[in-house]
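Report on the following structure.
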Amino acid sequence: MNSTAWGKKNAAKALDMFHQRRKIIQCILLIFLLLTIARLFQLHIFHKDFLRAQGNARSVHIVKTPSYRGMLLDRRLEPLAVSTPVDAAWIDPRRLNPSDKKLHQLSALLDIDVSQIKEKQQSNPDKAFIYLKRWLTPDIGEQISALRIKGVYTQREYRRYYPAGQDVAQLIGFTNIDDNGQSGLELLFDDLLRPVPGKKRVLEDRTGHWLEDIENIQVAHSGQNITLSIDARIQSLLLKELQETLDKTEAKSASAVMIDIITGEILGMATAPSFNPNLRNERQGSAVRLRALTDPIEPGSTIKPITMCAILSRSKYKSNDIIDTSPGKFKLGAHEIKDVRNYGKLSVAEVLTKSSNIGISKMVLDMRPDDILETFEQFGLGSGPTLGLPGENGGQLEYHYNDSTFHASYGYGYGFTITPIQLAHAYATLANRGVHKPLSILKLSRKNIPKGQQVVKQEIADEVLSMLAKVTEGGTGRRAAIPGYQTGGKTGTSRLVGSSGYDDTRHLSLFAGITPLKNPRLATAIVVEEPQEGGYYGGLIAAPVYAKVVSGALQMLNIPPDTEE
């Protein structure tokens with residue numbers, strides 16, 4: 001057999017094998033096709049209800065993941081404002097159609113009438129989201145979810161809680177139902193405290209209830225925690241003593257501010273009466289006002305140490321010069337300036353320790369009005385808000401160049417307004433040997449303590465401090481004395497303005513002071529508004545409050561005594 005014939009025979013054989021293989025593959029494909037058709041037929045005819053249910057039962061959605069608001073902490077890291085997890089129940093009125101049994105179960109869990117649930121649905125038929133109730137405990141939220149009612153859903157939220165209650169209520173402020181700051185530090189630091197919600201993709205059933213998480217899209221971030229300069233122990237002490245003073249004197253209100261002289265940190269700032277920020281119905285009326293910041297006052301004689309700084313630094317007078325205050329009355333135009341009694345001749349230093357309005361007035365009248373008011377401004381008095389808190393009042397200094405009555409009244413605390421926090425700040429500046437430091441409501445580290453600005457010479461500040469020591473040793477401020485600690489301070493009593501000018505029946509009782517005096521640590525101002533019982537003079541009403549709150553704070557802060565008892 002030649003090669004040509006052999007080649008043809010092999011080619012025919014190969015072609016035959018190819019056709020056989022093709023038929024086998026075609027048969028296999030046909031079998032798979034028939035099986036697929038049979039399976040589809042089976043699912044379509046015999047399992048269509050199951051497939052429809054499975055398709056309807058699952059859908060993918062993107063939902064927000066909540067996070068919590070940052071905490072407000074006191075200087076010792078005690079929580080003053082925290083966010084606790086709660087649940088909110090809501091409905092989609094378009095999908096809500098529960099059985100009577102489940103509707104009554106839902107009503108019982110929410111503690112609201114069935115009629116209220118129906119009314120919410122019927123009055124909002126086209127809306128997709130209506131709250132049923134918020135601030136539910138997580139346990140109640142879980143029970144509502146377990147009912148699996150179509151159109152009823154729960155979501156995690158956070159509710160603000162204030163562990164210290166009324167002690168810090170006006171200062172901390174409060175948030176609304178959406179946990180956004182509405183007043184106080186909650187509003188001032190709202191941007192820092194507010195959380196950033198996250199996002200995730202979830203699988204839900206046909207009623208919109210969660211089945212499982214698929215993936216995180218955006219991580220949630222909590223708000224920033226903020227550590228305040230406030231000491232919760234001191235804050236509680238302030239409010240306790242202020243409230244006891246109200247109860248005893250039947251005063252309208254009482255305020256206190258305490259400052260760390262070294263750092264400028266505010267250790268406590270309170271007003272009585274206060275309110276419970278955890279109760280929404282108490283978040284109204286005058287009790288929410290932090291009067292130490294919001295209410296301007298005429299400081300009366302408590303301003304005299306600052307006036308004395310102006311006199312000693314900007315006039316001809318020295319501390320040993322003699323001023324004649326006889327006969328205890330001083331006619332100035334149509335106005336008469338009086339002392340409590342006729343002190344006769346007093347040294348400049350005695351003018352302050354005796355609190356002579358006549359002596360102060362005579363020296364002030366020898367100065368330009370600008371000299372007094374510029375000194376006040378340098379001490380932070382009447383020069384605008386101190387902390388930037390909502391509602392804070394900056395006081396007002398008024399220049400009356402052609403009115404000698406106003407000019408004289410500046411020296412003993414009338415004719416202009418400041419706030420209690422500004423008064424305490426001015427005394428802190430004096431105690432700091434004339435260095436004016438900015439105040440801080442935030443806790444400061446050692447490296448962040450500001451150096452401040454020298455606004456009066458050290459020797460003049462020291463002179464005035466020595467004068468203030470005599471006020472509490474045997475003068476009008478003796479009830480502010482604290483055993484073991486030398487205190488320097490000044491009493492004040494100012495009349496309030498009524499419909500026909502100054503009202504002789506309405507007063508502010510004040511005391512501002514510095515303790516201890518040798519190594520000053522605490523500057524404190526006390527203001528009691530309209531005391532009705534026990535007198536109204538600052539030495540009778542405000543000075544004892546000063547002694548109680550400062551004595552307690554000294555122990556809390558472990559500040560050692562500076563004198564022998």
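FYI, nothing fancy with the structure tokens labels: chains A, B, ... in order, residues from 1 per chain, ligands from 1 as they appear.
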### Message
Show me, as a PyMOL selection string, the residues that have an atom within 12 Å of Lys102 (chain A) when counting only C-alpha atoms, minus same-chain residues fewer than 6 positions from it.
### Response
chain A and resi 96+108-109+114+143-150+152
Same residues, C-alpha atoms, saved as a PDB file, in the first residue's frame:
ATOM      1  CA  LEU A  96     -48.384  50.162  59.313  1.00  0.00           C
ATOM      2  CA  ALA A 108     -48.408  48.777  76.514  1.00  0.00           C
ATOM      3  CA  LEU A 109     -44.665  48.905  75.828  1.00  0.00           C
ATOM      4  CA  VAL A 114     -53.807  52.867  71.054  1.00  0.00           C
ATOM      5  CA  GLN A 143     -39.137  44.201  73.088  1.00  0.00           C
ATOM      6  CA  ILE A 144     -40.700  46.456  70.448  1.00  0.00           C
ATOM      7  CA  SER A 145     -38.377  45.062  67.771  1.00  0.00           C
ATOM      8  CA  ALA A 146     -39.255  41.527  68.860  1.00  0.00           C
ATOM      9  CA  LEU A 147     -42.920  42.165  67.957  1.00  0.00           C
ATOM     10  CA  ARG A 148     -41.846  42.361  64.277  1.00  0.00           C
ATOM     11  CA  ILE A 149     -44.697  44.689  63.403  1.00  0.00           C
ATOM     12  CA  LYS A 150     -44.601  45.848  59.800  1.00  0.00           C
ATOM     13  CA  VAL A 152     -42.895  49.875  63.344  1.00  0.00           C
TER      14      VAL A 152
END
Could you list, as an mmCIF file with C-alpha atoms, in the first residue's frame, every residue within 12 Å of Arg233 (chain A), counting only C-alpha atoms and ignoring same-chain residues fewer than 6 positions away?
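Final file, selection_23.cif:
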data_model
loop_
_atom_site.group_PDB
_atom_site.id
_atom_site.type_symbol
_atom_site.label_atom_id
_atom_site.label_comp_id
_atom_site.auth_asym_id
_atom_site.auth_seq_id
_atom_site.Cartn_x
_atom_site.Cartn_y
_atom_site.Cartn_z
ATOM 1 C CA ASP A 74 -14.528 68.353 85.915
ATOM 2 C CA ARG A 75 -10.829 68.953 86.630
ATOM 3 C CA ARG A 76 -10.647 65.661 88.551
ATOM 4 C CA LEU A 77 -12.239 63.820 85.604
ATOM 5 C CA GLU A 78 -15.590 63.421 87.337
ATOM 6 C CA LEU A 80 -20.599 66.377 84.580
ATOM 7 C CA ALA A 164 -24.106 66.452 89.235
ATOM 8 C CA ASP A 167 -24.848 71.795 91.131
ATOM 9 C CA VAL A 168 -23.602 72.756 87.672
ATOM 10 C CA LEU A 239 -24.538 75.954 95.641
ATOM 11 C CA LYS A 240 -25.206 74.430 99.070
ATOM 12 C CA LEU A 267 -12.875 76.487 90.096
ATOM 13 C CA GLY A 268 -16.528 77.160 90.770
ATOM 14 C CA MET A 269 -19.342 79.412 89.580
ATOM 15 C CA VAL A 549 -17.140 78.355 100.941
ATOM 16 C CA GLY A 552 -14.215 74.330 102.556
ATOM 17 C CA ALA A 553 -12.337 74.865 99.299
ATOM 18 C CA LEU A 554 -9.019 75.334 101.099
ATOM 19 C CA GLN A 555 -9.443 71.924 102.705
ATOM 20 C CA MET A 556 -10.533 70.273 99.462
ATOM 21 C CA LEU A 557 -7.493 71.653 97.642
#
### Task
Enumerate, as a ChimeraX atom specification, the complete set of residues in region 197-262 of chain A that a backbone-based DSSP assignment places in alpha helix (DSSP H).
/A:232-249
### Task
Show which residues sit within 9 Å of Gly415 (chain A), as a PyMOL selection string. Count only C-alpha atoms, and ignore same-chain residues fewer than 6 positions away.
chain A and resi 298+397-398+406-407+409
### Summary
Counting only C-alpha atoms, closest pick from A:Thr505, A:Gln166, A:Ser229, A:Thr137 relative to Ser445 (chain A) is A:Ser229
### Message
My list of candidates is A:Thr524, A:Gln453, A:Thr476, A:Thr294. Which is closest to Thr386 (chain A) when distances are computed with only C-alpha atoms?
### Response
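Of all the options, A:Thr294 lies closest to Thr386 (chain A).
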### Query
Could you name the residues that touch Thr249 (chain A) at 10 Å or less, counting only C-alpha atoms, but leaving out those on the same chain fewer than 6 positions away, as a list in words?
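The filter keeps Gln243, Val528, Glu529, Glu530, Pro531, Gln532, Glu533, Gly534, Gly535, Tyr536 and Ile541 of chain A.
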### Task
Write out as a VMD selection string the residues lying within 8 Å of Ile337 (chain A), counting only C-alpha atoms and excluding same-chain residues fewer than 4 positions away.
chain A and resid 329 to 332 357 to 358
### Task
Figure out the distance between CA of Ala523 (chain A) and CA of Thr429 (chain A), please, to one decimal in Å.
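Result for CA of Thr429 (chain A) versus CA of Ala523 (chain A): 9.0 Å, one decimal.
Contact shell of Asn124 (chain A) at 10 Å (only C-alpha atoms; same-chain neighbours under 5 positions omitted): Asp92, Pro93, Arg94, Glu119, Phe129 and Ile130 of chain A.
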### Query
Which residue gives the smallest distance to Gln235 (chain A) among A:Gly141, A:Pro390, A:Gly300, A:Gly165, with only C-alpha atoms counted?
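That would be A:Gly165, the residue with the smallest distance to Gln235 (chain A).
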### Query
Got a sec: who's within 10 Å of Met258 (chain A), counting only C-alpha atoms, leaving out chain neighbours fewer than 4 positions off, as a ChimeraX atom specification?
/A:230,234-235,238,264-270,421,424-425,428,512-514,522-526,546,549-550,553
Selected residues written out, N, CA and C atoms, as a short mmCIF file (atom, residue, chain, number, x, y, z; two decimals), in the first residue's frame:
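Contents of result-v9.cif, as written:
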data_model
loop_
_atom_site.label_atom_id
_atom_site.label_comp_id
_atom_site.auth_asym_id
_atom_site.auth_seq_id
_atom_site.Cartn_x
_atom_site.Cartn_y
_atom_site.Cartn_z
N ILE A 230 -13.52 73.47 86.35
CA ILE A 230 -14.42 73.37 87.49
C ILE A 230 -14.07 72.18 88.38
N ILE A 234 -16.16 71.75 94.84
CA ILE A 234 -16.31 73.16 95.16
C ILE A 234 -17.63 73.69 94.63
N GLN A 235 -17.99 73.25 93.44
CA GLN A 235 -19.25 73.68 92.85
C GLN A 235 -20.44 73.29 93.73
N LEU A 238 -20.47 75.52 96.83
CA LEU A 238 -20.97 76.86 96.54
C LEU A 238 -22.49 76.88 96.52
N GLY A 264 -5.62 81.31 86.74
CA GLY A 264 -6.75 81.96 86.10
C GLY A 264 -7.90 81.01 85.81
N GLU A 265 -7.80 79.77 86.32
CA GLU A 265 -8.87 78.80 86.11
C GLU A 265 -10.05 79.09 87.04
N ILE A 266 -11.24 78.90 86.51
CA ILE A 266 -12.45 79.06 87.32
C ILE A 266 -12.73 77.72 88.01
N LEU A 267 -12.68 77.71 89.33
CA LEU A 267 -12.87 76.49 90.10
C LEU A 267 -14.35 76.24 90.41
N GLY A 268 -15.11 77.30 90.49
CA GLY A 268 -16.53 77.16 90.77
C GLY A 268 -17.27 78.43 90.41
N MET A 269 -18.50 78.27 89.93
CA MET A 269 -19.34 79.41 89.58
C MET A 269 -20.79 78.94 89.64
N ALA A 270 -21.54 79.49 90.60
CA ALA A 270 -22.88 78.97 90.84
C ALA A 270 -23.85 80.09 91.15
N ILE A 421 -18.38 87.77 87.99
CA ILE A 421 -17.15 87.11 87.55
C ILE A 421 -16.06 88.13 87.27
N ALA A 424 -14.59 89.11 90.70
CA ALA A 424 -13.64 88.10 91.19
C ALA A 424 -12.34 88.14 90.40
N HIS A 425 -12.45 88.38 89.09
CA HIS A 425 -11.28 88.45 88.22
C HIS A 425 -10.38 89.63 88.61
N ALA A 428 -8.48 88.72 91.61
CA ALA A 428 -7.41 87.79 91.26
C ALA A 428 -6.22 88.53 90.68
N ALA A 512 -16.00 90.43 98.33
CA ALA A 512 -14.98 89.87 97.43
C ALA A 512 -13.68 89.81 98.21
N GLY A 513 -12.96 88.69 98.05
CA GLY A 513 -11.75 88.55 98.84
C GLY A 513 -10.72 87.61 98.26
N ILE A 514 -9.61 87.53 98.97
CA ILE A 514 -8.43 86.75 98.55
C ILE A 514 -7.94 85.94 99.74
N LEU A 522 -6.86 81.70 96.12
CA LEU A 522 -8.26 81.76 95.75
C LEU A 522 -8.79 83.20 95.80
N ALA A 523 -9.42 83.61 94.70
CA ALA A 523 -10.14 84.89 94.67
C ALA A 523 -11.62 84.56 94.49
N THR A 524 -12.44 85.12 95.37
CA THR A 524 -13.85 84.72 95.41
C THR A 524 -14.73 85.94 95.57
N ALA A 525 -15.85 85.95 94.84
CA ALA A 525 -16.84 87.01 94.96
C ALA A 525 -18.19 86.40 95.31
N ILE A 526 -18.88 87.01 96.27
CA ILE A 526 -20.20 86.59 96.71
C ILE A 526 -21.18 87.75 96.51
N TYR A 546 -18.75 83.81 102.30
CA TYR A 546 -17.37 83.74 101.83
C TYR A 546 -16.54 82.84 102.75
N VAL A 549 -17.51 79.01 102.21
CA VAL A 549 -17.14 78.36 100.94
C VAL A 549 -15.63 78.32 100.75
N VAL A 550 -14.94 79.38 101.14
CA VAL A 550 -13.49 79.41 100.96
C VAL A 550 -12.82 78.46 101.94
N ALA A 553 -13.17 75.04 100.49
CA ALA A 553 -12.34 74.87 99.30
C ALA A 553 -10.86 74.71 99.67
#
### Query
What are the DSSP strand (DSSP E) residues of region 302-437 of chain A, as a ChimeraX atom specification?
/A:322-324,329-332,335-338,345-347,435-436
### Query
Taking into account only C-alpha atoms, which residue in the set A:Val364, A:Val471, A:Ala542, A:Leu439 is nearest to Gln486 (chain A)?
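Using only C-alpha atoms, Gln486 (chain A) sits closest to A:Val471.
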### Coordinates-based distance that separates CA of Tyr537 (chain A) from CA of Arg479 (chain A) (Å, one decimal)
11.7 Å
### Task
Using only C-alpha atoms, find the one residue out of A:Thr417, A:Gln454, A:Thr353, A:Thr493 that sits nearest to Arg433 (chain A).
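Residue with the minimum atom-to-atom distance to Arg433 (chain A): A:Gln454.
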